[in-house]
file structure.csv (CSV, C-alpha atoms)
chain,number,residue,atom,x,y,z
I,39,LEU,CA,0.0,0.0,0.0
I,40,ARG,CA,2.8,2.3,0.8
I,41,ALA,CA,4.6,1.6,-2.5
I,42,TRP,CA,1.3,2.2,-4.4
I,43,ARG,CA,0.8,5.6,-2.7
I,44,GLY,CA,4.4,6.5,-3.4
I,45,GLU,CA,3.9,5.8,-7.1
I,46,HIS,CA,0.2,6.8,-7.6
I,47,GLY,CA,-0.8,8.8,-4.6
I,48,ASN,CA,-4.3,8.4,-3.3
I,49,TRP,CA,-5.7,6.9,-6.5
I,50,CYS,CA,-8.0,3.9,-6.7
I,51,PRO,CA,-7.8,2.1,-10.1
I,52,GLY,CA,-11.4,1.3,-9.7
I,53,TYR,CA,-13.4,-2.0,-9.8
I,54,GLN,CA,-16.3,-2.0,-12.3
I,55,ARG,CA,-15.9,1.8,-12.5
I,56,ASP,CA,-13.2,4.3,-13.6
I,57,GLY,CA,-10.2,5.1,-11.5
I,58,HIS,CA,-10.8,7.9,-8.9
I,59,PRO,CA,-9.1,9.7,-6.0
I,60,ALA,CA,-9.6,8.0,-2.7
I,61,ARG,CA,-8.0,8.4,0.7
I,62,ASP,CA,-9.4,5.1,2.1
I,63,LEU,CA,-7.2,2.7,0.1
I,64,THR,CA,-7.0,-1.0,1.1
I,65,VAL,CA,-5.2,-4.1,0.0
I,66,ASP,CA,-7.4,-6.5,-1.8
I,67,HIS,CA,-6.7,-10.3,-2.3
I,68,VAL,CA,-7.2,-10.9,-6.0
I,69,VAL,CA,-8.0,-14.5,-5.4
I,70,PRO,CA,-9.9,-14.3,-2.0
I,71,LEU,CA,-8.5,-16.2,0.9
I,72,ALA,CA,-11.8,-18.1,1.1
I,73,ALA,CA,-11.3,-19.3,-2.5
I,74,GLY,CA,-7.7,-20.6,-1.7
I,75,GLY,CA,-5.8,-17.4,-2.5
I,76,ALA,CA,-2.4,-17.0,-1.0
I,77,PRO,CA,-2.5,-14.7,2.0
I,78,PHE,CA,1.1,-13.5,1.9
I,79,ASP,CA,1.8,-13.6,-1.9
I,80,ILE,CA,2.3,-10.0,-3.1
I,81,GLY,CA,1.2,-11.3,-6.6
I,82,ASN,CA,-2.2,-12.0,-5.1
I,83,THR,CA,-2.8,-8.4,-3.9
I,84,ALA,CA,-4.1,-5.3,-5.5
I,85,VAL,CA,-5.0,-1.8,-4.2
I,86,LEU,CA,-8.6,-0.7,-4.1
I,87,CYS,CA,-10.5,1.9,-2.1
I,88,ARG,CA,-12.8,0.6,0.6
I,89,SER,CA,-15.9,1.0,-1.6
I,90,CYS,CA,-14.4,-0.8,-4.6
I,91,ASN,CA,-13.0,-3.5,-2.4
I,92,SER,CA,-16.5,-4.0,-0.8
I,93,THR,CA,-18.1,-4.1,-4.3
I,94,LYS,CA,-15.6,-6.8,-5.4
I,95,GLY,CA,-16.1,-8.7,-2.2
I,96,ALA,CA,-15.2,-12.4,-2.6
I,97,SER,CA,-15.3,-12.2,-6.4
I,98,THR,CA,-13.0,-14.7,-8.1
I,99,ASP,CA,-12.7,-12.6,-11.2
I,100,ARG,CA,-9.1,-13.7,-11.9
I,101,GLY,CA,-8.9,-11.6,-15.0
I,102,TRP,CA,-9.0,-8.4,-12.9
I,103,VAL,CA,-5.8,-7.2,-11.2
I,104,ALA,CA,-5.9,-3.5,-10.3
I,105,HIS,CA,-2.1,-3.0,-9.9
I,106,ARG,CA,-1.4,-4.6,-13.3
I,107,THR,CA,-4.0,-3.1,-15.5
I,108,THR,CA,-3.2,-0.3,-17.8
I,109,ARG,CA,-5.3,2.7,-16.7
I,110,LEU,CA,-4.8,6.3,-17.1
I,111,LEU,CA,-3.7,7.8,-13.8
I,112,PRO,CA,-3.9,11.5,-13.1
I,113,ASP,CA,-0.9,13.6,-13.7
I,114,ARG,CA,0.1,14.2,-10.1
I,115,ALA,CA,2.3,17.1,-11.1
I,116,SER,CA,-0.7,19.0,-12.4
I,117,GLN,CA,-2.2,19.3,-8.9
I,118,TYR,CA,0.7,21.6,-7.9
I,119,VAL,CA,0.3,24.0,-10.8

call {"tool": "encode", "arguments": {"input": "structure.csv", "output": "structure tokens"}}
result
Amino acid sequence: LRAWRGEHGNWCPGYQRDGHPARDLTVDHVVPLAAGGAPFDIGNTAVLCRSCNSTKGASTDRGWVAHRTTRLLPDRASQYV
């Protein structure tokens, strides 16, 4: 989560919606623990805001990985102009 914030700031890549600013980022298990997902495998984690994580729930949508998808992130430098 710290690495994500360092690279992308408070930006949720979104789940079933566009990316958006969010201060309540969480770590999501891509393959839920209840479905046999690895609890300590960094490759089984993604970043989502609390709302998107709640929407995703225990989904086993293995094609979706937030931190690996190509999404347009905001130009963080523009916020300082």

call {"tool": "closest_residue", "arguments": {"input": "structure.csv", "among": "I:Leu39, I:Leu86, I:Cys50, I:Ile80", "to": "Asp66 of chain I", "atoms": "all atoms listed in the file"}}
result
I:Leu86

call {"tool": "residues_around", "arguments": {"input": "structure.csv", "residues": "segment 60-63 of chain I", "least_positions_apart": "6", "cutoff": "9 Å", "atoms": "only C-alpha atoms", "output": "list of chain:residue names"}}
result
I:Leu39, I:Arg43, I:Gly47, I:Asn48, I:Trp49, I:Cys50, I:Val85, I:Leu86, I:Cys87, I:Arg88, I:Ser89, I:Asn91

call {"tool": "write_last_selection", "arguments": {"input": "structure.csv", "atoms": "C-alpha atoms", "output": "compact mmCIF listing (two decimals), keeping the file's coordinate frame"}}
result
# COMPACT_ATOMS: atom_id res chain seq x y z
CA LEU I 39 0.00 0.00 0.00
CA ARG I 43 0.80 5.60 -2.70
CA GLY I 47 -0.80 8.80 -4.60
CA ASN I 48 -4.30 8.40 -3.30
CA TRP I 49 -5.70 6.90 -6.50
CA CYS I 50 -8.00 3.90 -6.70
CA VAL I 85 -5.00 -1.80 -4.20
CA LEU I 86 -8.60 -0.70 -4.10
CA CYS I 87 -10.50 1.90 -2.10
CA ARG I 88 -12.80 0.60 0.60
CA SER I 89 -15.90 1.00 -1.60
CA ASN I 91 -13.00 -3.50 -2.40

call {"tool": "atom_distance", "arguments": {"input": "structure.csv", "atom1": "atom CA of Ala72 of chain I", "atom2": "atom CA of Lys94 of chain I"}}
result
13.6 Å

call {"tool": "atom_distance", "arguments": {"input": "structure.csv", "atom1": "atom CA of Ala76 of chain I", "atom2": "atom CA of Pro59 of chain I"}}
result
28.0 Å

call {"tool": "closest_residue", "arguments": {"input": "structure.csv", "among": "I:Gly44, I:Gly52, I:Pro70, I:Gly57", "to": "Thr93 of chain I", "atoms": "all atoms listed in the file"}}
result
I:Gly52

call {"tool": "residues_around", "arguments": {"input": "structure.csv", "residues": "Pro77 of chain I", "least_positions_apart": "6", "cutoff": "12 Å", "atoms": "only C-alpha atoms", "output": "PDB file with C-alpha atoms, in the coordinates of the input"}}
result
ATOM      1  CA  VAL I  65      -5.200  -4.100   0.000  1.00  0.00           C
ATOM      2  CA  ASP I  66      -7.400  -6.500  -1.800  1.00  0.00           C
ATOM      3  CA  HIS I  67      -6.700 -10.300  -2.300  1.00  0.00           C
ATOM      4  CA  VAL I  68      -7.200 -10.900  -6.000  1.00  0.00           C
ATOM      5  CA  VAL I  69      -8.000 -14.500  -5.400  1.00  0.00           C
ATOM      6  CA  PRO I  70      -9.900 -14.300  -2.000  1.00  0.00           C
ATOM      7  CA  LEU I  71      -8.500 -16.200   0.900  1.00  0.00           C
ATOM      8  CA  THR I  83      -2.800  -8.400  -3.900  1.00  0.00           C
TER       9      THR I  83
END

call {"tool": "closest_residue", "arguments": {"input": "structure.csv", "among": "I:Ser92, I:Ala84, I:Ser97, I:Ala73", "to": "Pro51 of chain I", "atoms": "all atoms listed in the file"}}
result
I:Ala84

call {"tool": "atom_distance", "arguments": {"input": "structure.csv", "atom1": "atom CA of Thr64 of chain I", "atom2": "atom CA of Asn82 of chain I"}}
result
13.5 Å
